[in-house]
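**Student:** Quick one: the structure is below, questions incoming.
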Amino acid sequence: MRTVLAWQESPPEKDGIRNVCYDMCFKPDGTQLIAGVGARVLIYDASDGELLHVLKGHKDSVYAVAYAFNGKRFASGGADKTVIIWTSKAEGILKYAHNDSIQCLAYNPVTQQLASGTATDFGLWSPEQKSVAKHKVNSKVICMSWTSDGMLLALGLFDGSVSVRDKAGNEKHKFTASSSPVWSILWSPQDQALLCVGCLNGQLKFFDNTGQPKFKERQLDGDPLSLASFNGEYILLGGTDKCVHCLTREGIYLTKVTQRDSWIWVVKPRPKANFIAVGCEDGSLAMLQLVFATVHGLYGDRYVYRDLMTDVIIQHLITEQRVRIKCRDYVKKVAVYKDRVAVQLPTRVELYQLEPSADELDMQYRSAAKINQKLECDLLVVASSHIILCQDKRLQLYNYEGTLVREWLMDAVVRYLKVAGGPASKEGLLVGLKNGAVLKIFMDNAFPIPLIKHSSGIRCLDLGSTRRKLALVDETNTVVVYDLHTKEVLFEDKGANSVAWNSHYEDMLCFGGNGQLVIKTGDFPLHVQKMQGFVVGFKGCKVFCLQYVSMGTIDVPQSSSMNRYLEKGDVQAAYQVACLGITDSDWRVLALAALQGLQLEVAQAAFIRLRDVRAVELVNRVANGLAAGTPKGLLLAEVAAWEGKFDEAARLFVSEGRIDKALELFTSMRMFDEAKHWAEEAARNGTLVKGAAGGGAAGGAAAVTELIGRQAEWSEEIANYEAAAEMYIKAKKYDRAIALLVKNSWWDRLLKLVRLLDKAADVKHIQAAVTAFRRAGQYDAAKECLLKLEDIVGLLQLNVDEQRWDDAFLLLAGHSNLKPQVYIPYAKWLLSKDRFADACAAYSQGGRPELGLAILQQLADNAVSESRFADAAHGYYKLAMEALQGIQSPSTGMTDIDRQALQTFSTHYDTAEMYYAYSMIHTAAHQPFRTVDDATLFNAARFLLMRVSGRDPPKGIVLSNTLLVLARQARAQGAHKLARFAYSKLQALALPLAVAAEVELSSLVMRAKPFTDADALLPICYRCQATNALLNTQGDFCTNCGAPFLRSFSTFEILPLVEFELESGISDAEALSLLGEDAAGFAATAAAVVRGGRELGAAHGVHGANVLLLEHEGASSNTHEDSFAAQAQVPHTPIHLGRAALRRLRVSEVLQRRWPNPLLPVQWFRVLDDEQPLLVGPCGHFFEADEFEMAMLEHAYAPFSRVPVSQERSVALDCSQGSNQGSKQHMQGSSWHQGAQAAHGVGSHSKSSNQQQQQQQSWPSLGM
């Protein structure tokens, strides 16, 4: 680093006040310098020192000035205890006072807040405030500094302490920096937690923002009076030693910048420029320019340079890898040679060596040696075992231990020094002197060897790779190339400042100057391109140039040099130039030139670089031909043909007497006109056609066909597809013709061709046409082809692919064995249309019923997962019906498979009933509006709880919801005992907080209620007239007689129905004919039995038992005369009716339930209440007629089974028994239509073992 004086000024004293420049500041744009000198504020032009303004607002010495960072105003303060705010136009706008003299000023870089320090306080002023906020201090404020973010203000105090304040003036930290006054202070711009403190005991210290020491303190030669940051990386320090020093921001001493004649009170860097301003005790001001020297070295593609004055960076110019070496001291010189790097520091020289590695791009360096001596030099170079120092005319050779090995004294000042290579410890040095002499010195030789005596001083030197040529640049900016053997000048040019040989090719050098880069190759004209800077290296196609302080790489095109060598016919030299770096197109030019000149090694190497396998194979064929003695003309003809020079190839073939090769060349490319031309030319010249065919029978059919085929191939190649197709048909190459017709979508022509083909001989071609028609969507054409082949399977598949289901079903009429081929795809199509029921039927038709069942099962499971329990009930109902249809044997001879199907039916049907009941409960529990009345909810909850009693409920059914609905309804209807039971069950479950609170409260309320249920709610068995509890934990049946309750699946009320069986030997048809034959005389008796038994049993308080009352002898006699009534009183035993009993029954009081599977027996039921019309729904459940009709009208389908209204009414399910006019046909309310699927899964309830045994005994007659 060196300094250049830009300007200086010594203002004269005024008003008797001694001139001392205590403080200065720059305008933020760097155009003006503000200085406080004496009692005046002086404004200078920062460029030339012109005095612009003299401001006389102060009455005493000015101690401090500061400029706002927005450039709008600056401030000054001094011994007159006042602070004056000035505009950028030097106009005073504000003045405020302190009680003591102003010692320092500082503007906040963000908020434009001005801080002013005095002996007793410091103030904070901003344009937005009307007053100055002042804060007391315990010691005199000497200096202050803001952090770059404006958040902290550091105050240096006279008692040696530092106070750190926030931007509001509140003290955050305070610590003692020294026992001497803190005279200068500075926050680091790069690290806002780093504070530099200068004390009057000559020490420079570093702290963080809490007062903790950071780096090693520095002892200075004088007291630091001023600190300033330069470029954010360096600290400028001025003080009582009359010098300005430069240190790193970590306090590492670098160098002395300048020295003045008196104390330096202030040093300030100029913004955006490498200038500093210095103010002294004698009132003088100086503007100095700092010039940073470039410290660097280059060897090959490794560039070493100094960074931040203390670091060394090693850069690989090809890969752009960088390695930083932190020396933590002032780096004076660097040098690099092969794997060695030397760094000169003020007191030592450190040497580094590249780690041994097979990778030439490795950048791992380690310390190799250290010379602990203070060595001074102008130039430094390093070799494998030595370092060379140049001082004026003297060269000194030191080994790595620091021993002076040898010394040379030159005749003139050394201007250029470079290691020229050589064996280790015996390297040669290339030395250029100021008197124009160029010497070569070997390190093991004490005597320099003169090479050239030039007429002018040497500025730059470089030696060619073969040591035969020397290039230099002299003081007149002339580049000269010498032949070291003959000493003659080979080349000379003006306007050069640097020169370098190409390290990979000696006949190429470059030199720079006048903003240009000049490339010289051999004796060819110069290649010139733009470049700023100095050439320092040339390797391959890359030129390394130094631009100011940065190293750059320029890619130099070598195409022109290669082409010039090719023009001369020097293929080898062109290849050497190409290896320096050219484009792929240039490599191809070189390869073809070498191939034409039969320089096969160069051609092969060039094609290998291009990775052109076919070209490499051609080179190998040519090489083999040369080795076999093939004439060069034929080889060159093959090369010309490969390059596309067909006329030249033909000429070479003809010249070698191979006209057949020329004809083959053109005919293979369908260039028939050219082939005819060369044949006629050969005939006129009498050229012998080697290998020509002899005479023979011409015009044979085979030859004609072959010719037509070749013509067709040629027509196809030239895209004349219409003609090619016609020729292929004539040549009977139907496959090629079909391919062309399909490619061009000529479907009509293809169909005409198929009609001409023979269905026996050309099956393969017709099938190919079918495939093409199907891919193109030509249904009719494909159908015609298949009909011609009589391919029924193909026709079916065509209709299936086109989704023409009606046509497919028509074809199945005579081919039932192909049903799976149609119905399985049809089922998949139905699934895509969401027609799941039809899809299941289609799977059954296709022989895959398990797929349909899987779909139904998946739909039911999805409905449960989505809480659509009504849909889930319908799904399981459909599964039950499918299982029922799977029974293939009558009830008297069922197989194991049939029994399994019957069990599956019973399970699914039972599950469907539970989901159907739970759907009402779930809707009531989660929807704001109910769809059913309270009585139905009450009955459904009881029904569901009795069904799931003693087993796990189906998935999705939440018992807490059922119990909660039951409890609420029981409480509302007076079933207090049942409500207590439900609430006790709920208390044992984990419930939501709100529900749990309701349950607890309701349970307490129920304690005040009776312990019985309302009598009107208790269910009565219509068979035995016994009264039952509201909730039977064993199942939904009578606890007295074991008969299951038959409920309406609209309201879940118990219906007045009792099941009976026919005696052995009575068929269903006979039973139907017997009904009502003797009903007139028996009707009154039957009714009396029913009513009398109910009334008398209730009157005597007897429920659930046979009662014999002596005072009603007539009624008792009539009861026992009725076989039905007599058997009804016997518990756990089926009722069997004979012919006499059937005759006494009216048609209107009997219901039948027929199953959709005719193999299952009919079930018979007697209606015991004439006033309640009942019917059997399509699902097999019983309904009250009016409720059923209401549901049909509301939903347009039947309850539970969801049979649509149209189907339901079409089968005339008029099963009401409210009128005696019903015929036997009307009585058969369960006459099933084709689509109805219903049954009742009896036997699924949980009963005692005795009840289960009796019930199981009642089922064989039904086949269940």
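Ligands are numbered from 1 in the order shown, residues from 1 within each chain, and chains are lettered A, B, ... in the order they appear in the structure tokens.
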Could you build a table of the residues in range 336-388 of chain A lying no more than 10 Å from range 304-319 of chain A, giving for each the nearest pair of atoms and their separation in Å rounded to one decimal place, using only C-alpha atoms, ordered by chain and ascending residue number, as a Markdown table?
**Tutor:**
| residue | atom | partner | partner_atom | distance |
| --- | --- | --- | --- | --- |
| A:Val336 | CA | A:Val304 | CA | 6.8 |
| A:Val341 | CA | A:Val304 | CA | 8.0 |
| A:Ala342 | CA | A:Val304 | CA | 9.6 |
| A:Val343 | CA | A:Val312 | CA | 8.0 |
| A:Leu345 | CA | A:Thr310 | CA | 9.0 |
| A:Leu361 | CA | A:His316 | CA | 7.8 |
| A:Asp362 | CA | A:His316 | CA | 9.3 |
| A:Met363 | CA | A:His316 | CA | 8.0 |
| A:Tyr365 | CA | A:Ile314 | CA | 9.3 |
**Student:** May I have the selected residues written with N, CA, C and O atoms, as a compact mmCIF listing (two decimals), in the first residue's frame?
**Tutor:**
# COMPACT_ATOMS: atom_id res chain seq x y z
N VAL A 336 4.33 -18.74 -6.31
CA VAL A 336 3.85 -20.09 -6.50
C VAL A 336 4.69 -20.76 -7.57
O VAL A 336 5.08 -20.13 -8.57
N VAL A 341 3.92 -22.93 -2.47
CA VAL A 341 3.46 -21.56 -2.32
C VAL A 341 4.28 -20.91 -1.22
O VAL A 341 4.43 -21.48 -0.13
N ALA A 342 4.83 -19.73 -1.49
CA ALA A 342 5.60 -18.97 -0.50
C ALA A 342 4.87 -17.69 -0.18
O ALA A 342 4.37 -17.01 -1.08
N VAL A 343 4.84 -17.34 1.12
CA VAL A 343 4.16 -16.13 1.58
C VAL A 343 5.14 -15.35 2.46
O VAL A 343 5.63 -15.87 3.48
N LEU A 345 5.81 -12.50 5.09
CA LEU A 345 5.18 -11.71 6.13
C LEU A 345 6.22 -10.75 6.72
O LEU A 345 7.42 -10.86 6.40
N LEU A 361 -6.37 -31.83 -9.81
CA LEU A 361 -7.20 -30.69 -9.45
C LEU A 361 -7.31 -30.52 -7.94
O LEU A 361 -8.07 -29.67 -7.47
N ASP A 362 -6.56 -31.33 -7.18
CA ASP A 362 -6.65 -31.26 -5.72
C ASP A 362 -6.15 -29.89 -5.24
O ASP A 362 -5.21 -29.32 -5.78
N MET A 363 -6.81 -29.37 -4.18
CA MET A 363 -6.48 -28.03 -3.67
C MET A 363 -6.20 -28.07 -2.17
O MET A 363 -6.42 -27.09 -1.46
N TYR A 365 -3.70 -27.82 0.70
CA TYR A 365 -2.33 -27.37 0.99
C TYR A 365 -2.06 -27.51 2.49
O TYR A 365 -2.97 -27.33 3.32
**Student:** With only C-alpha atoms as the counted atoms, please give the residues lying no more than 7 Å from range 1011-1014 of chain A, apart from itself and same-chain residues fewer than 4 positions off, as a ChimeraX atom specification.
**Tutor:** /A:974-978
**Student:** What's the 9 Å shell around Val405 in chain A, counting only C-alpha atoms, without same-chain residues fewer than 6 positions away, as a VMD selection string?
**Tutor:** chain A and resid 386 396 to 399
**Student:** By how many Å are CA of Tyr299 in chain A and CA of Val419 in chain A apart?
**Tutor:** 9.4 Å
**Student:** For CA of Tyr337 in chain A and CA of Gly540 in chain A, quote the distance in Å rounded to one decimal.
**Tutor:** 19.0 Å
**Student:** Would you mind listing what lies within 10 Å of Tyr548 in chain A as a list of chain:residue names, with only C-alpha atoms counted and same-chain residues fewer than 5 positions away left out?
**Tutor:**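 In the requested format, the answer is A:Ala293, A:Thr294, A:Gln532, A:Gly533, A:Phe534.
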**Student:** Generate a file of the selected residues that holds all heavy atoms, formatted as a compact mmCIF listing (two decimals), in the first residue's frame.
**Tutor:**
# COMPACT_ATOMS: atom_id res chain seq x y z
N ALA A 293 -1.38 -2.15 -3.84
CA ALA A 293 -0.61 -2.91 -4.82
C ALA A 293 -1.19 -4.32 -4.94
O ALA A 293 -1.70 -4.89 -3.97
CB ALA A 293 0.85 -2.97 -4.41
N THR A 294 -1.10 -4.86 -6.16
CA THR A 294 -1.55 -6.23 -6.40
C THR A 294 -0.42 -7.19 -6.06
O THR A 294 0.64 -7.16 -6.68
CB THR A 294 -1.97 -6.42 -7.86
OG1 THR A 294 -3.01 -5.49 -8.17
CG2 THR A 294 -2.48 -7.83 -8.09
N GLN A 532 -9.14 -6.07 -21.62
CA GLN A 532 -8.58 -5.06 -20.74
C GLN A 532 -7.71 -5.76 -19.70
O GLN A 532 -8.13 -6.74 -19.09
CB GLN A 532 -9.69 -4.27 -20.02
CG GLN A 532 -10.59 -3.47 -20.95
CD GLN A 532 -9.86 -2.34 -21.64
OE1 GLN A 532 -8.88 -1.80 -21.10
NE2 GLN A 532 -10.31 -1.97 -22.83
N GLY A 533 -6.50 -5.25 -19.48
CA GLY A 533 -5.63 -5.82 -18.46
C GLY A 533 -4.32 -6.33 -19.04
O GLY A 533 -3.88 -5.92 -20.13
N PHE A 534 -3.70 -7.24 -18.28
CA PHE A 534 -2.39 -7.78 -18.62
C PHE A 534 -2.47 -9.29 -18.79
O PHE A 534 -3.13 -9.98 -18.01
CB PHE A 534 -1.37 -7.46 -17.51
CG PHE A 534 -1.16 -5.99 -17.28
CD1 PHE A 534 -2.00 -5.28 -16.42
CD2 PHE A 534 -0.14 -5.30 -17.92
CE1 PHE A 534 -1.81 -3.94 -16.20
CE2 PHE A 534 0.05 -3.95 -17.71
CZ PHE A 534 -0.79 -3.26 -16.85
**Student:** Which residues, written as a short mmCIF file (atom, residue, chain, number, x, y, z; two decimals) with N, CA, C and O atoms, in the first residue's frame, have at least one atom at most 10 Å from Ala739 in chain A, with only C-alpha atoms counted and residues fewer than 2 positions away on the same chain left out?
**Tutor:**
data_model
loop_
_atom_site.label_atom_id
_atom_site.label_comp_id
_atom_site.auth_asym_id
_atom_site.auth_seq_id
_atom_site.Cartn_x
_atom_site.Cartn_y
_atom_site.Cartn_z
N ALA A 725 -49.39 -48.88 -52.62
CA ALA A 725 -50.38 -49.86 -52.20
C ALA A 725 -50.89 -50.67 -53.39
O ALA A 725 -51.06 -51.91 -53.31
N TYR A 734 -49.78 -58.69 -49.63
CA TYR A 734 -50.96 -58.10 -49.01
C TYR A 734 -50.64 -57.46 -47.66
O TYR A 734 -51.28 -56.48 -47.27
N ASP A 735 -49.69 -58.03 -46.93
CA ASP A 735 -49.37 -57.45 -45.62
C ASP A 735 -48.84 -56.03 -45.75
O ASP A 735 -49.22 -55.12 -44.99
N ARG A 736 -47.97 -55.78 -46.74
CA ARG A 736 -47.44 -54.44 -46.95
C ARG A 736 -48.55 -53.50 -47.43
O ARG A 736 -48.62 -52.33 -47.04
N ALA A 737 -49.43 -54.03 -48.31
CA ALA A 737 -50.54 -53.21 -48.80
C ALA A 737 -51.47 -52.81 -47.66
O ALA A 737 -51.89 -51.65 -47.54
N LEU A 741 -52.48 -49.03 -46.37
CA LEU A 741 -53.87 -48.58 -46.34
C LEU A 741 -54.28 -48.16 -44.94
O LEU A 741 -54.99 -47.17 -44.76
N VAL A 742 -53.82 -48.89 -43.95
CA VAL A 742 -54.13 -48.53 -42.56
C VAL A 742 -53.42 -47.24 -42.17
O VAL A 742 -54.01 -46.36 -41.51
N LYS A 743 -52.18 -47.10 -42.58
CA LYS A 743 -51.41 -45.91 -42.23
C LYS A 743 -52.07 -44.65 -42.76
O LYS A 743 -52.04 -43.59 -42.10
N ASN A 744 -52.69 -44.72 -43.93
CA ASN A 744 -53.32 -43.56 -44.55
C ASN A 744 -54.84 -43.51 -44.34
O ASN A 744 -55.51 -42.66 -44.94
N SER A 745 -55.36 -44.46 -43.53
CA SER A 745 -56.79 -44.47 -43.19
C SER A 745 -57.68 -44.60 -44.44
O SER A 745 -58.75 -43.98 -44.52
N LEU A 750 -59.39 -50.70 -48.13
CA LEU A 750 -59.03 -51.89 -47.37
C LEU A 750 -60.18 -52.89 -47.36
O LEU A 750 -59.97 -54.10 -47.49
N ALA A 768 -55.67 -59.33 -39.79
CA ALA A 768 -54.96 -58.06 -39.66
C ALA A 768 -55.86 -56.89 -40.00
O ALA A 768 -55.82 -55.83 -39.35
N ALA A 769 -56.70 -57.06 -41.03
CA ALA A 769 -57.64 -56.00 -41.39
C ALA A 769 -58.66 -55.78 -40.28
O ALA A 769 -59.03 -54.64 -39.96
N ALA A 772 -57.11 -53.73 -37.56
CA ALA A 772 -57.01 -52.32 -37.95
C ALA A 772 -58.37 -51.63 -37.89
O ALA A 772 -58.49 -50.49 -37.42
#
**Student:** Could you list, as a VMD selection string, every residue within 9 Å of Trp146 in chain A, counting only C-alpha atoms and ignoring same-chain residues fewer than 6 positions away?
**Tutor:** chain A and resid 106 to 109 152 to 154 167 186 to 187
**Student:** Write out, as a compact mmCIF listing (two decimals), in the first residue's frame, the residues just selected, with C-alpha atoms.
**Tutor:**
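part03.txt, freshly written:
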# COMPACT_ATOMS: atom_id res chain seq x y z
CA ALA A 106 -22.75 11.61 15.87
CA TYR A 107 -25.75 11.09 13.59
CA ASN A 108 -27.79 7.88 13.83
CA PRO A 109 -27.40 6.18 10.42
CA LEU A 152 -26.89 1.16 20.00
CA LEU A 153 -24.79 4.21 20.87
CA ALA A 154 -21.38 3.76 22.55
CA LYS A 167 -31.42 4.82 20.67
CA LEU A 186 -15.67 2.77 16.76
CA TRP A 187 -18.32 0.11 16.09
**Student:** Provide the CA of Val1058 in chain A to CA of Tyr909 in chain A distance in Å, to one decimal place.
**Tutor:**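 Taking CA of Val1058 in chain A and CA of Tyr909 in chain A, their separation equals 20.9 Å.
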**Student:** So that I can see what lies close to Gln558 in chain A, please list as a list of chain:residue names the residues with an atom at most 8 Å from it, counting only C-alpha atoms and leaving out residues fewer than 4 positions away in the same chain.
**Tutor:**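 Near neighbours after the sequence-gap exclusion: A:Cys541, A:Met562, A:Val577, A:Ala578, A:Leu580, A:Gly581, A:Ile582.
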**Student:** Could you save those same residues with all heavy atoms as a compact mmCIF listing (two decimals), in the first residue's frame?
**Tutor:**
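File part05.txt, as written:
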# COMPACT_ATOMS: atom_id res chain seq x y z
N CYS A 541 -6.64 -23.34 -24.75
CA CYS A 541 -7.47 -22.31 -25.37
C CYS A 541 -7.87 -21.23 -24.39
O CYS A 541 -8.79 -20.45 -24.66
CB CYS A 541 -8.72 -22.95 -25.98
SG CYS A 541 -9.80 -23.72 -24.77
N MET A 562 -6.53 -23.65 -36.85
CA MET A 562 -6.62 -25.01 -37.39
C MET A 562 -6.93 -24.99 -38.88
O MET A 562 -6.33 -25.74 -39.67
CB MET A 562 -7.72 -25.76 -36.63
CG MET A 562 -7.89 -27.21 -37.06
SD MET A 562 -9.49 -27.91 -36.63
CE MET A 562 -10.54 -27.05 -37.82
N VAL A 577 -3.27 -28.16 -32.85
CA VAL A 577 -4.02 -26.96 -32.51
C VAL A 577 -5.43 -27.33 -32.03
O VAL A 577 -5.95 -26.75 -31.06
CB VAL A 577 -4.09 -25.99 -33.71
CG1 VAL A 577 -5.03 -24.83 -33.43
CG2 VAL A 577 -2.69 -25.47 -34.04
N ALA A 578 -6.03 -28.31 -32.69
CA ALA A 578 -7.38 -28.72 -32.29
C ALA A 578 -7.40 -29.26 -30.86
O ALA A 578 -8.39 -29.07 -30.13
CB ALA A 578 -7.90 -29.78 -33.25
N LEU A 580 -5.96 -28.11 -28.43
CA LEU A 580 -6.00 -27.00 -27.48
C LEU A 580 -7.43 -26.63 -27.12
O LEU A 580 -7.67 -26.05 -26.06
CB LEU A 580 -5.28 -25.77 -28.07
CG LEU A 580 -3.82 -25.97 -28.43
CD1 LEU A 580 -3.24 -24.68 -28.99
CD2 LEU A 580 -3.01 -26.41 -27.22
N GLY A 581 -8.38 -26.92 -28.02
CA GLY A 581 -9.78 -26.63 -27.72
C GLY A 581 -10.51 -26.03 -28.90
O GLY A 581 -10.27 -24.87 -29.25
N ILE A 582 -11.36 -26.81 -29.54
CA ILE A 582 -12.19 -26.33 -30.65
C ILE A 582 -13.59 -26.90 -30.48
O ILE A 582 -13.83 -27.77 -29.63
CB ILE A 582 -11.61 -26.73 -32.03
CG1 ILE A 582 -11.46 -28.25 -32.13
CG2 ILE A 582 -10.30 -26.03 -32.30
CD1 ILE A 582 -11.03 -28.74 -33.48
**Student:** From the list A:Arg968, A:Gly537, A:Arg947, A:Leu409, which residue is nearest Ala924 in chain A when using only C-alpha atoms?
**Tutor:**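 Going through A:Arg968, A:Gly537, A:Arg947, A:Leu409 one by one, the smallest distance to Ala924 in chain A is for A:Arg968.
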**Student:** Mind the document's chain letters and residue numbers, and return as a ChimeraX atom specification the residues of range 484-590 of chain A that DSSP labels strand (DSSP E).
**Tutor:** /A:489-494,498-502,505-513,516-521,527-530,534-539,542-547,550-555
**Student:** Go through A:Lys487, A:Gly1180, A:Leu1074, A:Gln1163 one by one, measure the shortest atom-to-atom distance of each to Leu1145 in chain A using only C-alpha atoms, and give the residue with the smallest value.
**Tutor:**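 Going through A:Lys487, A:Gly1180, A:Leu1074, A:Gln1163 one by one, the smallest distance to Leu1145 in chain A is for A:Leu1074.
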**Student:** Find, counting only C-alpha atoms, the residue in A:Lys530, A:Lys59, A:Arg328, A:Lys440 that gets nearest to Lys418 in chain A.
**Tutor:** A:Lys440
**Student:** Determine the nearest neighbour of Asp871 in chain A from the options A:Gly92, A:Pro346, A:Gly432, A:Pro1199, counting only C-alpha atoms.
**Tutor:**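 Ranked by minimum distance to Asp871 in chain A, first place goes to A:Pro1199.
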